[in-house]
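Undergrad: Could you have a look at this structure, given as structure tokens, before my questions?
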Amino acid sequence: MQALSIYGPVREGLAQVEENLKSVSTSSFDHLSDLLTYVLDVPGKRIRPAITLLTGKLRPHDDKLTVLMATALELLHIATLIHDDTVDD
């Protein structure tokens with residue numbers, strides 16, 4: 001079984017997460033908007049939001065909440081990477 005096969009059941013949710021991430025990068029401050037776009041345009045594996053979305057399928061609920069949580073989790077992960085890079089110079 002390929003690792004990428006886990007993305008199949010959550011492909012639509014991941015697309016919504018990507019759209020949410022892109023909407024975060026819009027800012028009235030051009031410099032900040034450029035930096036956010038640069039950071040968020042790197043697609044990465046998105047394994048954390050995929051696992052969140054997969055887990056969300058275990059119980060019936062509002063899927064919008066799971067997408068919101070998956071987006072928040074990915075933003076937190078990105079923030080920790082930026083913080084780590086900043087601390088490490």
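Numbering starts fresh at 1 for the residues of each chain in the structure tokens, the chains themselves are lettered A, B, ... in the order given, and ligands are numbered from 1 as they appear.
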Give me the residues near A:Lys64 as a PyMOL selection string, where near means some atom within 12 Å (using only C-alpha atoms) and where sequence neighbours in that chain fewer than 5 positions away do not count.
TA: chain A and resi 12-14+16-17+20+53+56-57+69-71
Undergrad: Please give the complete set of residues from chain A that DSSP, run on the backbone, assigns to helix (DSSP H, G or I), formatted as a compact mmCIF listing (two decimals) with all heavy atoms, in the first residue's frame.
TA:
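Wrote it out as out-v2.txt, contents follow:
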# COMPACT_ATOMS: atom_id res chain seq x y z
N ALA A 3 1.96 5.12 0.55
CA ALA A 3 1.66 6.14 1.55
C ALA A 3 0.70 7.19 1.00
O ALA A 3 -0.12 7.72 1.72
CB ALA A 3 2.95 6.79 2.03
N LEU A 4 0.80 7.49 -0.28
CA LEU A 4 -0.06 8.53 -0.86
C LEU A 4 -1.52 8.12 -0.94
O LEU A 4 -2.39 8.98 -1.11
CB LEU A 4 0.45 8.92 -2.25
CG LEU A 4 1.82 9.59 -2.29
CD1 LEU A 4 2.22 9.89 -3.73
CD2 LEU A 4 1.82 10.86 -1.48
N SER A 5 -1.81 6.84 -0.78
CA SER A 5 -3.20 6.40 -0.87
C SER A 5 -4.06 6.92 0.27
O SER A 5 -5.27 6.94 0.17
CB SER A 5 -3.27 4.88 -0.94
OG SER A 5 -2.79 4.31 0.26
N ILE A 6 -3.45 7.37 1.37
CA ILE A 6 -4.24 7.93 2.47
C ILE A 6 -4.90 9.25 2.06
O ILE A 6 -5.88 9.66 2.67
CB ILE A 6 -3.42 8.14 3.76
CG1 ILE A 6 -2.39 9.25 3.60
CG2 ILE A 6 -2.79 6.86 4.23
CD1 ILE A 6 -1.87 9.77 4.90
N TYR A 7 -4.36 9.91 1.05
CA TYR A 7 -4.91 11.19 0.63
C TYR A 7 -6.22 11.04 -0.15
O TYR A 7 -6.99 11.98 -0.25
CB TYR A 7 -3.90 11.96 -0.22
CG TYR A 7 -2.68 12.40 0.53
CD1 TYR A 7 -1.45 11.77 0.34
CD2 TYR A 7 -2.73 13.45 1.43
CE1 TYR A 7 -0.33 12.17 1.03
CE2 TYR A 7 -1.62 13.86 2.14
CZ TYR A 7 -0.41 13.22 1.93
OH TYR A 7 0.69 13.62 2.61
N GLY A 8 -6.47 9.87 -0.70
CA GLY A 8 -7.65 9.66 -1.53
C GLY A 8 -8.96 10.07 -0.88
O GLY A 8 -9.71 10.88 -1.43
N PRO A 9 -9.27 9.54 0.31
CA PRO A 9 -10.55 9.86 0.93
C PRO A 9 -10.69 11.31 1.39
O PRO A 9 -11.78 11.77 1.70
CB PRO A 9 -10.61 8.93 2.15
CG PRO A 9 -9.55 7.92 1.94
CD PRO A 9 -8.54 8.52 1.03
N VAL A 10 -9.57 12.05 1.45
CA VAL A 10 -9.62 13.42 1.98
C VAL A 10 -9.16 14.45 0.96
O VAL A 10 -8.88 15.60 1.31
CB VAL A 10 -8.80 13.55 3.28
CG1 VAL A 10 -9.43 12.72 4.39
CG2 VAL A 10 -7.35 13.16 3.08
N ARG A 11 -9.08 14.06 -0.28
CA ARG A 11 -8.59 14.96 -1.33
C ARG A 11 -9.39 16.28 -1.38
O ARG A 11 -8.83 17.35 -1.48
CB ARG A 11 -8.62 14.26 -2.69
CG ARG A 11 -7.80 14.94 -3.74
CD ARG A 11 -7.68 14.11 -5.01
NE ARG A 11 -7.28 12.73 -4.80
CZ ARG A 11 -6.02 12.30 -4.65
NH1 ARG A 11 -5.05 13.17 -4.68
NH2 ARG A 11 -5.74 11.03 -4.50
N GLU A 12 -10.71 16.17 -1.28
CA GLU A 12 -11.55 17.37 -1.33
C GLU A 12 -11.30 18.27 -0.11
O GLU A 12 -11.19 19.48 -0.24
CB GLU A 12 -13.02 16.97 -1.38
CG GLU A 12 -13.97 18.14 -1.55
CD GLU A 12 -15.41 17.68 -1.65
OE1 GLU A 12 -15.68 16.71 -2.39
OE2 GLU A 12 -16.25 18.30 -0.97
N GLY A 13 -11.19 17.66 1.05
CA GLY A 13 -10.91 18.43 2.27
C GLY A 13 -9.56 19.11 2.22
O GLY A 13 -9.41 20.25 2.65
N LEU A 14 -8.57 18.41 1.66
CA LEU A 14 -7.23 19.00 1.54
C LEU A 14 -7.24 20.20 0.58
O LEU A 14 -6.54 21.18 0.81
CB LEU A 14 -6.22 17.96 1.06
CG LEU A 14 -5.74 16.98 2.13
CD1 LEU A 14 -4.87 15.90 1.50
CD2 LEU A 14 -4.99 17.70 3.23
N ALA A 15 -8.06 20.11 -0.46
CA ALA A 15 -8.19 21.25 -1.38
C ALA A 15 -8.78 22.45 -0.65
O ALA A 15 -8.33 23.60 -0.85
CB ALA A 15 -9.05 20.87 -2.58
N GLN A 16 -9.72 22.20 0.25
CA GLN A 16 -10.29 23.29 1.03
C GLN A 16 -9.27 23.86 2.01
O GLN A 16 -9.22 25.07 2.24
CB GLN A 16 -11.54 22.80 1.78
CG GLN A 16 -12.69 22.48 0.85
CD GLN A 16 -13.84 21.80 1.58
OE1 GLN A 16 -13.68 21.26 2.67
NE2 GLN A 16 -15.01 21.82 0.95
N VAL A 17 -8.45 22.99 2.59
CA VAL A 17 -7.38 23.45 3.49
C VAL A 17 -6.43 24.35 2.71
O VAL A 17 -6.03 25.42 3.19
CB VAL A 17 -6.62 22.25 4.12
CG1 VAL A 17 -5.35 22.71 4.81
CG2 VAL A 17 -7.52 21.50 5.09
N GLU A 18 -6.04 23.94 1.51
CA GLU A 18 -5.15 24.76 0.68
C GLU A 18 -5.76 26.13 0.40
O GLU A 18 -5.07 27.15 0.45
CB GLU A 18 -4.83 24.05 -0.64
CG GLU A 18 -3.93 22.85 -0.50
CD GLU A 18 -2.53 23.17 0.01
OE1 GLU A 18 -2.02 24.29 -0.26
OE2 GLU A 18 -1.96 22.32 0.69
N GLU A 19 -7.06 26.15 0.09
CA GLU A 19 -7.72 27.44 -0.16
C GLU A 19 -7.73 28.30 1.10
O GLU A 19 -7.51 29.51 1.03
CB GLU A 19 -9.15 27.22 -0.66
CG GLU A 19 -9.20 26.77 -2.10
CD GLU A 19 -10.61 26.80 -2.67
OE1 GLU A 19 -11.43 27.61 -2.21
OE2 GLU A 19 -10.86 26.00 -3.58
N ASN A 20 -7.97 27.69 2.24
CA ASN A 20 -7.93 28.42 3.51
C ASN A 20 -6.54 29.00 3.76
O ASN A 20 -6.40 30.14 4.22
CB ASN A 20 -8.33 27.52 4.67
CG ASN A 20 -9.79 27.18 4.69
OD1 ASN A 20 -10.59 27.76 3.96
ND2 ASN A 20 -10.16 26.21 5.51
N LEU A 21 -5.51 28.21 3.48
CA LEU A 21 -4.14 28.69 3.69
C LEU A 21 -3.84 29.87 2.77
O LEU A 21 -3.19 30.83 3.19
CB LEU A 21 -3.14 27.55 3.45
CG LEU A 21 -3.14 26.43 4.49
CD1 LEU A 21 -2.24 25.29 4.04
CD2 LEU A 21 -2.73 26.95 5.85
N LYS A 22 -4.31 29.80 1.54
CA LYS A 22 -4.08 30.91 0.61
C LYS A 22 -4.81 32.17 1.06
O LYS A 22 -4.30 33.28 0.91
CB LYS A 22 -4.50 30.52 -0.80
CG LYS A 22 -3.52 29.58 -1.44
CD LYS A 22 -3.89 29.21 -2.84
CE LYS A 22 -2.85 28.22 -3.32
NZ LYS A 22 -3.09 27.67 -4.60
N SER A 23 -5.99 32.00 1.64
CA SER A 23 -6.74 33.17 2.09
C SER A 23 -6.06 33.84 3.28
O SER A 23 -6.19 35.05 3.48
CB SER A 23 -8.18 32.79 2.45
OG SER A 23 -8.23 32.06 3.65
N VAL A 24 -5.30 33.08 4.06
CA VAL A 24 -4.57 33.64 5.19
C VAL A 24 -3.45 34.56 4.70
O VAL A 24 -3.09 35.53 5.38
CB VAL A 24 -3.97 32.50 6.06
CG1 VAL A 24 -2.98 33.03 7.07
CG2 VAL A 24 -5.08 31.74 6.76
N ASP A 30 1.72 44.82 2.19
CA ASP A 30 2.28 44.12 1.04
C ASP A 30 3.45 43.22 1.41
O ASP A 30 3.54 42.09 0.95
CB ASP A 30 2.72 45.12 -0.04
CG ASP A 30 1.54 45.81 -0.70
OD1 ASP A 30 0.43 45.23 -0.66
OD2 ASP A 30 1.74 46.91 -1.25
N HIS A 31 4.37 43.72 2.24
CA HIS A 31 5.55 42.94 2.61
C HIS A 31 5.13 41.66 3.35
O HIS A 31 5.63 40.57 3.07
CB HIS A 31 6.50 43.77 3.47
CG HIS A 31 7.76 43.06 3.82
ND1 HIS A 31 8.70 42.69 2.87
CD2 HIS A 31 8.24 42.62 5.00
CE1 HIS A 31 9.71 42.06 3.46
NE2 HIS A 31 9.44 42.01 4.76
N LEU A 32 4.20 41.80 4.29
CA LEU A 32 3.73 40.64 5.04
C LEU A 32 3.00 39.67 4.12
O LEU A 32 3.18 38.45 4.21
CB LEU A 32 2.81 41.08 6.18
CG LEU A 32 2.24 39.98 7.06
CD1 LEU A 32 3.35 39.18 7.71
CD2 LEU A 32 1.32 40.57 8.10
N SER A 33 2.20 40.19 3.22
CA SER A 33 1.47 39.36 2.27
C SER A 33 2.44 38.56 1.40
O SER A 33 2.23 37.38 1.15
CB SER A 33 0.56 40.22 1.41
OG SER A 33 -0.20 39.42 0.56
N ASP A 34 3.50 39.21 0.94
CA ASP A 34 4.51 38.53 0.12
C ASP A 34 5.19 37.40 0.90
O ASP A 34 5.40 36.30 0.37
CB ASP A 34 5.57 39.51 -0.38
CG ASP A 34 5.04 40.50 -1.39
OD1 ASP A 34 3.95 40.24 -1.96
OD2 ASP A 34 5.70 41.53 -1.61
N LEU A 35 5.54 37.66 2.15
CA LEU A 35 6.19 36.64 2.98
C LEU A 35 5.25 35.46 3.25
O LEU A 35 5.66 34.30 3.15
CB LEU A 35 6.66 37.25 4.30
CG LEU A 35 7.83 38.23 4.22
CD1 LEU A 35 8.06 38.89 5.57
CD2 LEU A 35 9.09 37.53 3.74
N LEU A 36 4.02 35.77 3.57
CA LEU A 36 3.06 34.70 3.83
C LEU A 36 2.80 33.87 2.58
O LEU A 36 2.71 32.64 2.65
CB LEU A 36 1.74 35.28 4.35
CG LEU A 36 1.76 35.78 5.79
CD1 LEU A 36 0.48 36.57 6.10
CD2 LEU A 36 1.94 34.64 6.76
N THR A 37 2.68 34.53 1.45
CA THR A 37 2.48 33.81 0.20
C THR A 37 3.66 32.89 -0.08
O THR A 37 3.49 31.73 -0.46
CB THR A 37 2.29 34.80 -0.98
OG1 THR A 37 1.13 35.59 -0.71
CG2 THR A 37 2.12 34.07 -2.30
N TYR A 38 4.87 33.40 0.14
CA TYR A 38 6.08 32.60 -0.07
C TYR A 38 6.08 31.35 0.81
O TYR A 38 6.33 30.23 0.35
CB TYR A 38 7.32 33.44 0.22
CG TYR A 38 8.61 32.67 0.15
CD1 TYR A 38 9.17 32.33 -1.08
CD2 TYR A 38 9.27 32.27 1.30
CE1 TYR A 38 10.35 31.61 -1.16
CE2 TYR A 38 10.45 31.55 1.24
CZ TYR A 38 10.98 31.22 0.01
OH TYR A 38 12.15 30.51 -0.05
N VAL A 39 5.76 31.52 2.08
CA VAL A 39 5.78 30.41 3.03
C VAL A 39 4.66 29.41 2.74
O VAL A 39 4.87 28.20 2.77
CB VAL A 39 5.67 30.93 4.48
CG1 VAL A 39 5.43 29.80 5.46
CG2 VAL A 39 6.92 31.70 4.86
N LEU A 40 3.48 29.91 2.43
CA LEU A 40 2.33 29.04 2.28
C LEU A 40 2.22 28.40 0.90
O LEU A 40 1.47 27.45 0.71
CB LEU A 40 1.04 29.80 2.60
CG LEU A 40 0.93 30.27 4.06
CD1 LEU A 40 -0.27 31.17 4.23
CD2 LEU A 40 0.86 29.09 5.00
N ILE A 47 0.66 16.10 5.61
CA ILE A 47 0.27 14.87 6.30
C ILE A 47 -0.56 15.18 7.54
O ILE A 47 -1.50 14.45 7.86
CB ILE A 47 1.51 13.99 6.64
CG1 ILE A 47 1.09 12.60 7.11
CG2 ILE A 47 2.39 14.65 7.68
CD1 ILE A 47 0.58 11.72 6.05
N ARG A 48 -0.25 16.26 8.25
CA ARG A 48 -1.00 16.60 9.47
C ARG A 48 -2.46 16.91 9.17
O ARG A 48 -3.35 16.37 9.84
CB ARG A 48 -0.31 17.74 10.21
CG ARG A 48 0.98 17.30 10.87
CD ARG A 48 1.91 18.47 11.15
NE ARG A 48 3.23 18.00 11.50
CZ ARG A 48 4.16 17.64 10.62
NH1 ARG A 48 3.92 17.72 9.32
NH2 ARG A 48 5.34 17.21 11.01
N PRO A 49 -2.73 17.78 8.17
CA PRO A 49 -4.15 17.99 7.87
C PRO A 49 -4.82 16.74 7.31
O PRO A 49 -6.00 16.51 7.58
CB PRO A 49 -4.15 19.13 6.85
CG PRO A 49 -2.77 19.44 6.52
CD PRO A 49 -1.88 18.69 7.46
N ALA A 50 -4.09 15.92 6.58
CA ALA A 50 -4.68 14.69 6.04
C ALA A 50 -5.10 13.76 7.17
O ALA A 50 -6.21 13.20 7.14
CB ALA A 50 -3.69 13.99 5.10
N ILE A 51 -4.25 13.61 8.17
CA ILE A 51 -4.59 12.75 9.31
C ILE A 51 -5.77 13.35 10.08
O ILE A 51 -6.67 12.62 10.51
CB ILE A 51 -3.36 12.55 10.22
CG1 ILE A 51 -2.32 11.69 9.50
CG2 ILE A 51 -3.77 11.92 11.56
CD1 ILE A 51 -1.00 11.60 10.21
N THR A 52 -5.79 14.66 10.23
CA THR A 52 -6.91 15.32 10.90
C THR A 52 -8.21 15.06 10.15
O THR A 52 -9.24 14.72 10.76
CB THR A 52 -6.65 16.84 11.01
OG1 THR A 52 -5.42 17.06 11.69
CG2 THR A 52 -7.78 17.54 11.74
N LEU A 53 -8.17 15.21 8.83
CA LEU A 53 -9.37 14.98 8.02
C LEU A 53 -9.80 13.51 8.06
O LEU A 53 -10.99 13.21 8.13
CB LEU A 53 -9.13 15.43 6.58
CG LEU A 53 -8.93 16.94 6.40
CD1 LEU A 53 -8.40 17.25 5.01
CD2 LEU A 53 -10.22 17.70 6.67
N LEU A 54 -8.83 12.60 8.02
CA LEU A 54 -9.15 11.17 8.10
C LEU A 54 -9.79 10.84 9.45
O LEU A 54 -10.78 10.10 9.51
CB LEU A 54 -7.89 10.33 7.90
CG LEU A 54 -7.40 10.18 6.47
CD1 LEU A 54 -6.00 9.58 6.46
CD2 LEU A 54 -8.36 9.33 5.66
N THR A 55 -9.23 11.38 10.51
CA THR A 55 -9.77 11.14 11.84
C THR A 55 -11.18 11.70 11.96
O THR A 55 -12.05 11.12 12.61
CB THR A 55 -8.86 11.76 12.91
OG1 THR A 55 -7.54 11.22 12.76
CG2 THR A 55 -9.35 11.46 14.30
N GLY A 56 -11.41 12.83 11.32
CA GLY A 56 -12.73 13.45 11.35
C GLY A 56 -13.81 12.59 10.72
O GLY A 56 -15.00 12.79 10.98
N ASP A 63 -18.42 18.82 8.59
CA ASP A 63 -17.10 18.70 7.95
C ASP A 63 -16.34 20.03 7.91
O ASP A 63 -15.11 20.04 7.87
CB ASP A 63 -17.23 18.14 6.54
CG ASP A 63 -17.61 16.67 6.53
OD1 ASP A 63 -17.34 15.98 7.54
OD2 ASP A 63 -18.16 16.20 5.52
N LYS A 64 -17.06 21.14 7.94
CA LYS A 64 -16.39 22.45 7.93
C LYS A 64 -15.51 22.63 9.15
O LYS A 64 -14.45 23.25 9.07
CB LYS A 64 -17.42 23.57 7.87
CG LYS A 64 -18.16 23.65 6.55
CD LYS A 64 -19.19 24.74 6.57
CE LYS A 64 -20.01 24.71 5.29
NZ LYS A 64 -21.10 25.68 5.32
N LEU A 65 -15.94 22.07 10.27
CA LEU A 65 -15.14 22.16 11.49
C LEU A 65 -13.84 21.36 11.37
O LEU A 65 -12.79 21.80 11.85
CB LEU A 65 -15.95 21.67 12.70
CG LEU A 65 -17.17 22.50 13.06
CD1 LEU A 65 -17.94 21.84 14.20
CD2 LEU A 65 -16.77 23.91 13.42
N THR A 66 -13.90 20.21 10.72
CA THR A 66 -12.70 19.41 10.54
C THR A 66 -11.72 20.11 9.60
O THR A 66 -10.52 20.11 9.85
CB THR A 66 -13.05 18.02 9.97
OG1 THR A 66 -14.05 17.43 10.80
CG2 THR A 66 -11.84 17.11 9.95
N VAL A 67 -12.23 20.73 8.55
CA VAL A 67 -11.38 21.47 7.62
C VAL A 67 -10.74 22.65 8.35
O VAL A 67 -9.54 22.93 8.18
CB VAL A 67 -12.17 21.94 6.38
CG1 VAL A 67 -11.36 22.92 5.55
CG2 VAL A 67 -12.58 20.74 5.54
N LEU A 68 -11.51 23.32 9.19
CA LEU A 68 -10.98 24.45 9.97
C LEU A 68 -9.87 23.96 10.91
O LEU A 68 -8.81 24.60 11.01
CB LEU A 68 -12.11 25.11 10.75
CG LEU A 68 -11.74 26.31 11.59
CD1 LEU A 68 -11.21 27.45 10.71
CD2 LEU A 68 -12.93 26.78 12.39
N MET A 69 -10.09 22.85 11.58
CA MET A 69 -9.08 22.30 12.48
C MET A 69 -7.83 21.87 11.71
O MET A 69 -6.70 22.11 12.14
CB MET A 69 -9.64 21.11 13.26
CG MET A 69 -8.65 20.51 14.24
SD MET A 69 -8.01 21.67 15.46
CE MET A 69 -9.43 21.88 16.48
N ALA A 70 -8.01 21.24 10.55
CA ALA A 70 -6.88 20.81 9.73
C ALA A 70 -6.07 22.02 9.27
O ALA A 70 -4.83 21.97 9.24
CB ALA A 70 -7.37 20.00 8.54
N THR A 71 -6.76 23.11 8.92
CA THR A 71 -6.07 24.34 8.50
C THR A 71 -5.29 24.92 9.67
O THR A 71 -4.12 25.30 9.52
CB THR A 71 -7.09 25.37 7.98
OG1 THR A 71 -7.84 24.79 6.90
CG2 THR A 71 -6.39 26.62 7.49
N ALA A 72 -5.93 24.99 10.83
CA ALA A 72 -5.26 25.54 12.02
C ALA A 72 -4.04 24.71 12.39
O ALA A 72 -2.98 25.26 12.74
CB ALA A 72 -6.25 25.59 13.18
N LEU A 73 -4.16 23.40 12.30
CA LEU A 73 -3.03 22.52 12.62
C LEU A 73 -1.86 22.76 11.67
O LEU A 73 -0.70 22.82 12.10
CB LEU A 73 -3.48 21.07 12.57
CG LEU A 73 -2.46 20.02 12.96
CD1 LEU A 73 -2.07 20.18 14.42
CD2 LEU A 73 -3.03 18.64 12.73
N GLU A 74 -2.16 22.92 10.39
CA GLU A 74 -1.09 23.16 9.42
C GLU A 74 -0.44 24.53 9.65
O GLU A 74 0.78 24.67 9.54
CB GLU A 74 -1.62 23.03 7.99
CG GLU A 74 -0.54 23.06 6.94
CD GLU A 74 0.43 21.89 6.98
OE1 GLU A 74 0.23 20.92 7.75
OE2 GLU A 74 1.42 21.92 6.23
N LEU A 75 -1.25 25.53 9.99
CA LEU A 75 -0.69 26.86 10.29
C LEU A 75 0.22 26.80 11.52
O LEU A 75 1.28 27.43 11.54
CB LEU A 75 -1.81 27.87 10.51
CG LEU A 75 -2.51 28.36 9.26
CD1 LEU A 75 -3.74 29.19 9.63
CD2 LEU A 75 -1.56 29.18 8.38
N LEU A 76 -0.20 26.05 12.53
CA LEU A 76 0.63 25.90 13.72
C LEU A 76 1.95 25.21 13.37
O LEU A 76 3.02 25.64 13.81
CB LEU A 76 -0.11 25.11 14.79
CG LEU A 76 0.67 24.83 16.07
CD1 LEU A 76 1.04 26.13 16.77
CD2 LEU A 76 -0.15 23.94 16.99
N HIS A 77 1.88 24.19 12.55
CA HIS A 77 3.10 23.48 12.12
C HIS A 77 4.03 24.42 11.36
O HIS A 77 5.24 24.47 11.61
CB HIS A 77 2.73 22.28 11.26
CG HIS A 77 3.90 21.62 10.62
ND1 HIS A 77 4.88 20.98 11.35
CD2 HIS A 77 4.25 21.50 9.33
CE1 HIS A 77 5.79 20.50 10.52
NE2 HIS A 77 5.43 20.80 9.29
N ILE A 78 3.47 25.19 10.44
CA ILE A 78 4.28 26.15 9.66
C ILE A 78 4.91 27.18 10.59
O ILE A 78 6.09 27.53 10.45
CB ILE A 78 3.43 26.80 8.56
CG1 ILE A 78 3.05 25.77 7.49
CG2 ILE A 78 4.16 27.99 7.93
CD1 ILE A 78 1.98 26.23 6.53
N ALA A 79 4.14 27.66 11.57
CA ALA A 79 4.66 28.65 12.51
C ALA A 79 5.82 28.08 13.32
O ALA A 79 6.81 28.78 13.56
CB ALA A 79 3.54 29.12 13.44
N THR A 80 5.73 26.81 13.72
CA THR A 80 6.83 26.22 14.48
C THR A 80 8.08 26.07 13.61
O THR A 80 9.19 26.22 14.10
CB THR A 80 6.44 24.86 15.09
OG1 THR A 80 6.10 23.94 14.05
CG2 THR A 80 5.29 25.01 16.06
N LEU A 81 7.88 25.77 12.32
CA LEU A 81 9.04 25.68 11.42
C LEU A 81 9.71 27.04 11.25
O LEU A 81 10.95 27.14 11.27
CB LEU A 81 8.60 25.15 10.05
CG LEU A 81 8.13 23.70 9.99
CD1 LEU A 81 7.64 23.36 8.59
CD2 LEU A 81 9.26 22.77 10.40
N ILE A 82 8.91 28.07 11.09
CA ILE A 82 9.46 29.43 10.95
C ILE A 82 10.18 29.82 12.23
O ILE A 82 11.28 30.37 12.19
CB ILE A 82 8.35 30.44 10.61
CG1 ILE A 82 7.82 30.16 9.21
CG2 ILE A 82 8.86 31.87 10.72
CD1 ILE A 82 6.57 30.94 8.85
N HIS A 83 9.58 29.53 13.37
CA HIS A 83 10.21 29.85 14.65
C HIS A 83 11.53 29.13 14.80
O HIS A 83 12.54 29.72 15.19
CB HIS A 83 9.28 29.49 15.81
CG HIS A 83 9.89 29.71 17.15
ND1 HIS A 83 10.57 28.72 17.82
CD2 HIS A 83 9.95 30.81 17.94
CE1 HIS A 83 11.02 29.20 18.97
NE2 HIS A 83 10.65 30.46 19.06
N ASP A 84 11.55 27.84 14.46
CA ASP A 84 12.77 27.04 14.56
C ASP A 84 13.86 27.59 13.64
O ASP A 84 15.02 27.71 14.03
CB ASP A 84 12.46 25.59 14.23
CG ASP A 84 13.65 24.69 14.49
OD1 ASP A 84 14.22 24.76 15.59
OD2 ASP A 84 14.01 23.91 13.57
N ASP A 85 13.48 27.95 12.41
CA ASP A 85 14.45 28.52 11.47
C ASP A 85 15.00 29.86 11.98
O ASP A 85 16.17 30.16 11.83
CB ASP A 85 13.82 28.73 10.10
CG ASP A 85 13.61 27.41 9.36
OD1 ASP A 85 14.14 26.39 9.80
OD2 ASP A 85 12.90 27.42 8.34
N THR A 86 14.13 30.64 12.61
CA THR A 86 14.55 31.95 13.14
C THR A 86 15.51 31.75 14.31
O THR A 86 16.55 32.42 14.39
CB THR A 86 13.32 32.75 13.60
OG1 THR A 86 12.43 32.89 12.49
CG2 THR A 86 13.72 34.11 14.09
N VAL A 87 15.19 30.86 15.20
CA VAL A 87 16.05 30.60 16.36
C VAL A 87 17.39 30.03 15.92
O VAL A 87 18.45 30.39 16.45
CB VAL A 87 15.35 29.65 17.36
CG1 VAL A 87 16.32 29.16 18.43
CG2 VAL A 87 14.16 30.34 18.00
